$ cat model_14.pdb   # PDB, C-alpha atoms
MODEL        1
ATOM      1  CA  MET A   1      15.480  -2.791 -23.854
ATOM      2  CA  LEU A   2      11.920  -2.120 -22.785
ATOM      3  CA  ILE A   3      10.775  -2.112 -19.173
ATOM      4  CA  SER A   4       7.579  -0.840 -17.571
ATOM      5  CA  VAL A   5       7.552   1.623 -14.690
ATOM      6  CA  HIS A   6       4.793   2.181 -12.137
ATOM      7  CA  LEU A   7       4.595   5.394 -10.150
ATOM      8  CA  PHE A   8       2.601   6.019  -6.993
ATOM      9  CA  GLY A   9       1.546   8.745  -4.613
ATOM     10  CA  HIS A  10       1.920  12.245  -6.018
ATOM     11  CA  TYR A  11       4.282  10.938  -8.741
ATOM     12  CA  SER A  12       1.339   9.109 -10.307
ATOM     13  CA  ASP A  13      -0.152  12.518 -11.108
ATOM     14  CA  TYR A  14       2.674  13.208 -13.573
ATOM     15  CA  ALA A  15       2.369  10.230 -15.898
ATOM     16  CA  ARG A  16      -0.177   7.734 -17.154
ATOM     17  CA  ASP A  17       0.432   4.316 -15.626
ATOM     18  CA  PRO A  18       2.387   2.250 -16.558
ATOM     19  CA  ILE A  19       5.216   4.013 -18.370
ATOM     20  CA  SER A  20       6.973   2.047 -21.082
ATOM     21  CA  LEU A  21      10.657   2.981 -20.939
ATOM     22  CA  ASP A  22      13.543   2.077 -23.231
ATOM     23  CA  VAL A  23      16.707   1.749 -21.130
ATOM     24  CA  PRO A  24      20.243   0.500 -21.868
ATOM     25  CA  GLN A  25      21.040  -3.169 -21.143
ATOM     26  CA  GLY A  26      22.227  -3.658 -17.590
ATOM     27  CA  SER A  27      20.698  -0.430 -16.252
ATOM     28  CA  THR A  28      20.340  -0.218 -12.513
ATOM     29  CA  VAL A  29      17.218   0.947 -10.755
ATOM     30  CA  ARG A  30      19.042   4.177  -9.898
ATOM     31  CA  GLU A  31      19.797   4.714 -13.596
ATOM     32  CA  VAL A  32      16.150   4.076 -14.455
ATOM     33  CA  ALA A  33      15.219   6.812 -11.974
ATOM     34  CA  GLU A  34      17.677   9.202 -13.655
ATOM     35  CA  ILE A  35      16.226   8.449 -17.095
ATOM     36  CA  LEU A  36      12.735   9.166 -15.750
ATOM     37  CA  ALA A  37      13.823  12.470 -14.232
ATOM     38  CA  LYS A  38      15.383  13.580 -17.536
ATOM     39  CA  ARG A  39      12.121  12.767 -19.305
ATOM     40  CA  GLU A  40       9.950  14.492 -16.669
ATOM     41  CA  PRO A  41      11.756  16.812 -14.216
ATOM     42  CA  ARG A  42       8.938  16.552 -11.660
ATOM     43  CA  LEU A  43       9.964  12.918 -11.160
ATOM     44  CA  ILE A  44      13.373  13.828  -9.777
ATOM     45  CA  GLY A  45      12.344  12.614  -6.308
ATOM     46  CA  VAL A  46      11.761   9.010  -7.397
ATOM     47  CA  ALA A  47      15.494   8.375  -7.033
ATOM     48  CA  LYS A  48      15.004   8.670  -3.249
ATOM     49  CA  CYS A  49      12.057   6.266  -3.135
ATOM     50  CA  ARG A  50      12.154   2.616  -2.237
ATOM     51  CA  ALA A  51      11.964   0.542  -5.408
ATOM     52  CA  ALA A  52      10.626  -2.836  -6.460
ATOM     53  CA  ILE A  53      11.380  -5.059  -9.422
ATOM     54  CA  ASN A  54       8.542  -7.404 -10.370
ATOM     55  CA  ALA A  55       6.718  -6.657  -7.103
ATOM     56  CA  GLU A  56       9.661  -7.421  -4.798
ATOM     57  CA  TYR A  57      11.603  -4.733  -2.954
ATOM     58  CA  CYS A  58      15.068  -4.263  -4.431
ATOM     59  CA  ALA A  59      18.180  -2.137  -4.037
ATOM     60  CA  ALA A  60      18.866   0.938  -6.157
ATOM     61  CA  THR A  61      21.966  -0.858  -7.407
ATOM     62  CA  ASP A  62      20.037  -3.896  -8.694
ATOM     63  CA  SER A  63      19.928  -4.276 -12.480
ATOM     64  CA  VAL A  64      16.800  -4.594 -14.562
ATOM     65  CA  LYS A  65      16.172  -7.033 -17.429
ATOM     66  CA  GLU A  66      14.048  -6.826 -20.551
ATOM     67  CA  GLY A  67      10.371  -6.868 -19.628
ATOM     68  CA  ASP A  68      10.875  -6.114 -15.927
ATOM     69  CA  GLU A  69       8.248  -4.135 -14.060
ATOM     70  CA  VAL A  70       9.837  -1.461 -11.870
ATOM     71  CA  ALA A  71       7.876   0.429  -9.236
ATOM     72  CA  PHE A  72       9.018   3.488  -7.302
ATOM     73  CA  ILE A  73       7.454   3.439  -3.865
ATOM     74  CA  PRO A  74       7.284   6.704  -1.924
ATOM     75  CA  PRO A  75       6.571   6.658   1.843
ATOM     76  CA  MET A  76       3.308   4.774   2.250
ATOM     77  CA  SER A  77       0.016   5.681   3.876
ATOM     78  CA  GLY A  78      -2.030   2.521   3.850
ATOM     79  CA  GLY A  79      -4.034   1.230   6.767
TER      80      GLY A  79
ATOM     81  CA  MET B  80      -5.008 -14.870   0.429
ATOM     82  CA  CYS B  81      -5.254 -11.281   1.631
ATOM     83  CA  ARG B  82      -6.944  -9.113  -0.947
ATOM     84  CA  ILE B  83      -7.162  -5.525  -2.117
ATOM     85  CA  VAL B  84     -10.838  -4.849  -2.821
ATOM     86  CA  ARG B  85     -12.737  -2.022  -4.495
ATOM     87  CA  GLU B  86     -16.098  -2.616  -2.827
ATOM     88  CA  PRO B  87     -17.060  -2.181   0.861
ATOM     89  CA  ILE B  88     -15.252  -4.699   3.067
ATOM     90  CA  ASP B  89     -17.403  -7.555   4.371
ATOM     91  CA  VAL B  90     -16.203  -7.482   7.966
ATOM     92  CA  LYS B  91     -18.382 -10.426   9.064
ATOM     93  CA  ALA B  92     -17.020 -12.631   6.281
ATOM     94  CA  LEU B  93     -13.461 -11.879   7.378
ATOM     95  CA  GLU B  94     -14.317 -12.621  11.017
ATOM     96  CA  ASP B  95     -15.926 -15.905   9.986
ATOM     97  CA  ARG B  96     -12.637 -16.969   8.421
ATOM     98  CA  VAL B  97     -10.883 -16.884  11.805
ATOM     99  CA  SER B  98     -13.762 -17.870  14.109
ATOM    100  CA  GLY B  99     -13.502 -21.654  14.054
ATOM    101  CA  PRO B 100     -14.209 -23.658  17.222
ATOM    102  CA  ALA B 101     -10.519 -23.843  18.219
ATOM    103  CA  ASN B 102     -10.502 -20.069  18.786
ATOM    104  CA  GLY B 103     -11.697 -18.507  22.019
ATOM    105  CA  ALA B 104     -10.763 -14.981  20.975
ATOM    106  CA  VAL B 105     -11.415 -13.026  17.796
ATOM    107  CA  ILE B 106      -9.905  -9.552  17.544
ATOM    108  CA  THR B 107     -11.099  -7.325  14.699
ATOM    109  CA  PHE B 108      -9.162  -4.160  13.881
ATOM    110  CA  ILE B 109     -11.014  -1.735  11.615
ATOM    111  CA  GLY B 110      -9.135   1.233  10.185
ATOM    112  CA  GLN B 111     -11.740   3.734   9.025
ATOM    113  CA  VAL B 112     -11.796   7.165   7.424
ATOM    114  CA  ARG B 113     -11.767  10.021   9.928
ATOM    115  CA  GLU B 114     -12.782  13.615   9.328
ATOM    116  CA  ASN B 115      -9.676  15.423  10.500
ATOM    117  CA  SER B 116      -6.070  15.084   9.443
ATOM    118  CA  ARG B 117      -3.382  17.388  10.829
ATOM    119  CA  GLY B 118      -5.799  20.272  11.027
ATOM    120  CA  ARG B 119      -7.361  19.659   7.603
ATOM    121  CA  GLN B 120     -11.037  18.856   7.219
ATOM    122  CA  VAL B 121     -11.307  15.668   5.176
ATOM    123  CA  ALA B 122     -14.340  15.177   2.926
ATOM    124  CA  TYR B 123     -13.338  11.664   1.805
ATOM    125  CA  LEU B 124     -10.270   9.589   0.961
ATOM    126  CA  GLU B 125      -9.067   7.985  -2.243
ATOM    127  CA  TYR B 126      -6.711   5.060  -1.873
ATOM    128  CA  ASP B 127      -4.333   3.740  -4.535
ATOM    129  CA  ALA B 128      -2.173   0.622  -4.371
ATOM    130  CA  TYR B 129       0.425  -1.329  -6.287
ATOM    131  CA  VAL B 130      -2.058  -4.156  -6.154
ATOM    132  CA  PRO B 131      -0.026  -7.303  -6.927
ATOM    133  CA  MET B 132       2.691  -6.299  -4.490
ATOM    134  CA  ALA B 133       0.249  -5.093  -1.826
ATOM    135  CA  GLU B 134      -1.606  -8.416  -1.880
ATOM    136  CA  LYS B 135       1.680 -10.316  -1.749
ATOM    137  CA  MET B 136       2.946  -8.251   1.196
ATOM    138  CA  MET B 137      -0.350  -8.495   3.135
ATOM    139  CA  SER B 138      -0.401 -12.270   2.640
ATOM    140  CA  ARG B 139       3.179 -12.481   3.915
ATOM    141  CA  ILE B 140       2.309 -10.368   6.954
ATOM    142  CA  ALA B 141      -0.626 -12.660   7.730
ATOM    143  CA  ALA B 142       1.530 -15.762   7.290
ATOM    144  CA  GLU B 143       4.293 -14.345   9.512
ATOM    145  CA  ALA B 144       1.787 -13.468  12.252
ATOM    146  CA  GLU B 145       0.170 -16.905  12.025
ATOM    147  CA  SER B 146       3.550 -18.565  12.399
ATOM    148  CA  ARG B 147       4.831 -16.310  15.182
ATOM    149  CA  TRP B 148       1.762 -16.306  17.437
ATOM    150  CA  LYS B 149      -0.032 -19.501  16.329
ATOM    151  CA  VAL B 150      -3.131 -17.550  15.334
ATOM    152  CA  GLU B 151      -5.318 -17.255  12.237
ATOM    153  CA  VAL B 152      -5.281 -13.965  10.311
ATOM    154  CA  ALA B 153      -7.455 -12.446   7.589
ATOM    155  CA  ILE B 154      -6.652  -9.009   6.099
ATOM    156  CA  GLU B 155      -8.427  -6.902   3.484
ATOM    157  CA  HIS B 156      -7.677  -3.355   2.341
ATOM    158  CA  ARG B 157     -10.012  -1.332   0.181
ATOM    159  CA  ILE B 158      -8.936   1.131  -2.514
ATOM    160  CA  GLY B 159     -10.761   3.775  -4.525
ATOM    161  CA  ARG B 160     -13.039   6.371  -2.935
ATOM    162  CA  ILE B 161     -13.889   5.721   0.734
ATOM    163  CA  GLU B 162     -16.285   7.930   2.726
ATOM    164  CA  LEU B 163     -16.006   9.113   6.340
ATOM    165  CA  CYS B 164     -16.490   6.296   8.856
ATOM    166  CA  GLU B 165     -16.183   3.586   6.215
ATOM    167  CA  PRO B 166     -13.529   0.894   6.746
ATOM    168  CA  SER B 167     -10.346   1.161   4.708
ATOM    169  CA  VAL B 168      -8.603  -1.839   6.259
ATOM    170  CA  VAL B 169      -9.822  -4.780   8.324
ATOM    171  CA  ILE B 170      -7.565  -7.227  10.144
ATOM    172  CA  CYS B 171      -9.209 -10.185  11.891
ATOM    173  CA  VAL B 172      -7.201 -12.422  14.190
ATOM    174  CA  GLY B 173      -8.514 -15.619  15.745
ATOM    175  CA  SER B 174      -6.676 -17.394  18.528
ATOM    176  CA  PRO B 175      -7.345 -19.911  21.285
ATOM    177  CA  HIS B 176      -6.517 -17.187  23.830
ATOM    178  CA  ARG B 177      -6.705 -13.414  23.640
ATOM    179  CA  ALA B 178      -3.111 -12.417  24.505
ATOM    180  CA  GLU B 179      -1.683 -13.702  21.215
ATOM    181  CA  ALA B 180      -4.579 -12.259  19.221
ATOM    182  CA  TYR B 181      -4.034  -8.751  20.641
ATOM    183  CA  GLU B 182      -0.291  -8.878  19.956
ATOM    184  CA  ALA B 183      -0.661 -10.281  16.451
ATOM    185  CA  SER B 184      -3.349  -7.740  15.579
ATOM    186  CA  ARG B 185      -1.183  -4.812  16.650
ATOM    187  CA  TRP B 186       1.859  -6.163  14.838
ATOM    188  CA  CYS B 187      -0.118  -6.726  11.623
ATOM    189  CA  ILE B 188      -1.426  -3.157  11.330
ATOM    190  CA  ASP B 189       1.907  -1.614  12.330
ATOM    191  CA  THR B 190       3.769  -3.746   9.782
ATOM    192  CA  LEU B 191       1.183  -3.132   7.063
ATOM    193  CA  LYS B 192       1.566   0.631   7.464
ATOM    194  CA  GLU B 193       5.346   0.397   7.072
ATOM    195  CA  ASN B 194       5.594  -2.047   4.183
ATOM    196  CA  VAL B 195       2.478  -2.466   2.071
ATOM    197  CA  PRO B 196       2.453  -0.260  -1.058
ATOM    198  CA  ILE B 197      -0.824   1.583  -0.524
ATOM    199  CA  TRP B 198      -1.329   5.367  -0.499
ATOM    200  CA  LYS B 199      -4.172   7.615   0.518
ATOM    201  CA  LYS B 200      -5.170  10.931  -0.971
ATOM    202  CA  GLU B 201      -7.115  13.207   1.373
ATOM    203  CA  VAL B 202      -9.780  15.149  -0.497
ATOM    204  CA  CYS B 203     -10.438  18.375   1.423
ATOM    205  CA  PRO B 204     -12.387  21.568   0.709
ATOM    206  CA  ASP B 205      -9.166  23.359  -0.243
ATOM    207  CA  GLY B 206      -7.685  20.619  -2.435
ATOM    208  CA  ALA B 207      -6.533  17.019  -2.500
ATOM    209  CA  PHE B 208      -3.337  15.832  -0.832
ATOM    210  CA  TRP B 209      -1.330  12.641  -1.257
ATOM    211  CA  ILE B 210      -0.095  11.476   2.130
ATOM    212  CA  GLU B 211       3.481  10.169   1.948
ATOM    213  CA  GLY B 212       4.818   9.457   5.405
ATOM    214  CA  GLU B 213       4.878  12.779   7.214
ATOM    215  CA  ASP B 214       4.299  14.791   4.026
ATOM    216  CA  ALA B 215       1.089  15.933   2.386
ATOM    217  CA  LEU B 216       1.648  16.740  -1.291
ATOM    218  CA  GLU B 217      -0.916  18.619  -3.289
ATOM    219  CA  ALA B 218      -2.479  16.429  -5.966
ATOM    220  CA  VAL B 219      -2.611  17.799  -9.507
ATOM    221  CA  GLU B 220      -4.727  16.879 -12.501
ATOM    222  CA  VAL B 221      -3.289  13.939 -14.457
ATOM    223  CA  LYS B 222      -2.006  15.048 -17.879
TER     224      LYS B 222
ENDMDL
END
$ encode --input "model_14.pdb" --output "structure tokens"
Amino acid sequence: MLISVHLFGHYSDYARDPISLDVPQGSTVREVAEILAKREPRLIGVAKCRAAINAEYCAATDSVKEGDEVAFIPPMSGG
Amino acid sequence: MCRIVREPIDVKALEDRVSGPANGAVITFIGQVRENSRGRQVAYLEYDAYVPMAEKMMSRIAAEAESRWKVEVAIEHRIGRIELCEPSVVICVGSPHRAEAYEASRWCIDTLKENVPIWKKEVCPDGAFWIEGEDALEAVEVK
């Protein structure tokens, strides 16, 4: 199933935004991170980032659905 | 609604939103670009944000502060290229009395920095660096 992934901070330098990713049904956010890292080894750190599904913070163990927008959120520096 | 903007922040307009006649105190916090960061000379900053989530989180922060301290809050954060001394974030708090306004203002900026998905890249003479918490990671050209 297709989801879209948004990357931020230095990770955004490694891929055009957003990434369209085909993942197995029932994948967790952690599994999405692993798929990303296989595709682009420089993204291996996203597994340690906070994550959001459809603009709401989520757990790494939460599952994604078809069409979901996943964001990996490294430590922030706004303000 | 607290917005992410790409043009210079209109500080007066934000203050006007919280300066009604019920309020005896208006506290404006301006976060602006400074020239030095951990020993690096900064030429300018570039901010990026996960815009829909950043706006949602800033609006929630404003609503929480309004409920907790009985104040009025307006927040705007700018993204894109921002020059030295230009505002990156403005938080305006209006309140009948100043004590609540000071507390709410402080809480809003502290909470924004911890939770709102916005990132700055420091552009320096020797390169550009994404700031992620305590780390500064060298920016590379996008493929």
$ residues_near_point --input "model_14.pdb" --point "(11.8, 8.6, -12.4)" --cutoff "6 Å" --atoms "all atoms listed in the file" --output "list in words"
Ala33, Leu36, Ala37, Leu43 and Val46 of chain A
$ resolve_selection --input "model_14.pdb" --expression "the PyMOL selection byres ((chain B and resi 170-174) around 7)" --output "PyMOL selection string"
chain B and resi 93-94+97-98+102-109+150-155+168-169+175-177+179-180+184
$ closest_residue --input "model_14.pdb" --among "A:Glu69, A:Pro41, A:Ala55, A:Leu21" --to "chain B" --atoms "all atoms listed in the file"
A:Ala55
$ interface_residues --input "model_14.pdb" --of "chain A" --to "chain B" --cutoff "12 Å" --atoms "only C-alpha atoms" --output "PyMOL selection string"
chain A and resi 5-18+42+49-57+69-79
$ closest_residue --input "model_14.pdb" --among "A:Ile35, A:Ile3, A:Asp22, A:Ile44" --to "Lys65 of chain A" --atoms "only C-alpha atoms"
A:Ile3
$ atom_distance --input "model_14.pdb" --atom1 "atom CA of Gly118 of chain B" --atom2 "atom CA of Glu162 of chain B"
18.2 Å
$ resolve_selection --input "model_14.pdb" --expression "the PyMOL selection byres ((chain A and resi 25-32) around 6)" --output "PyMOL selection string"
chain A and resi 24+33-35+60-64
$ resolve_selection --input "model_14.pdb" --expression "the PyMOL selection byres ((chain B and resi 163) around 7)" --output "list in words"
Val112, Arg113, Glu114, Tyr123, Ile161, Glu162, Cys164 and Glu165 of chain B
$ write_last_selection --input "model_14.pdb" --atoms "C-alpha atoms" --output "PDB file, in the coordinates of the input"
ATOM      1  CA  VAL B 112     -11.796   7.165   7.424  1.00  0.00           C
ATOM      2  CA  ARG B 113     -11.767  10.021   9.928  1.00  0.00           C
ATOM      3  CA  GLU B 114     -12.782  13.615   9.328  1.00  0.00           C
ATOM      4  CA  TYR B 123     -13.338  11.664   1.805  1.00  0.00           C
ATOM      5  CA  ILE B 161     -13.889   5.721   0.734  1.00  0.00           C
ATOM      6  CA  GLU B 162     -16.285   7.930   2.726  1.00  0.00           C
ATOM      7  CA  CYS B 164     -16.490   6.296   8.856  1.00  0.00           C
ATOM      8  CA  GLU B 165     -16.183   3.586   6.215  1.00  0.00           C
TER       9      GLU B 165
END
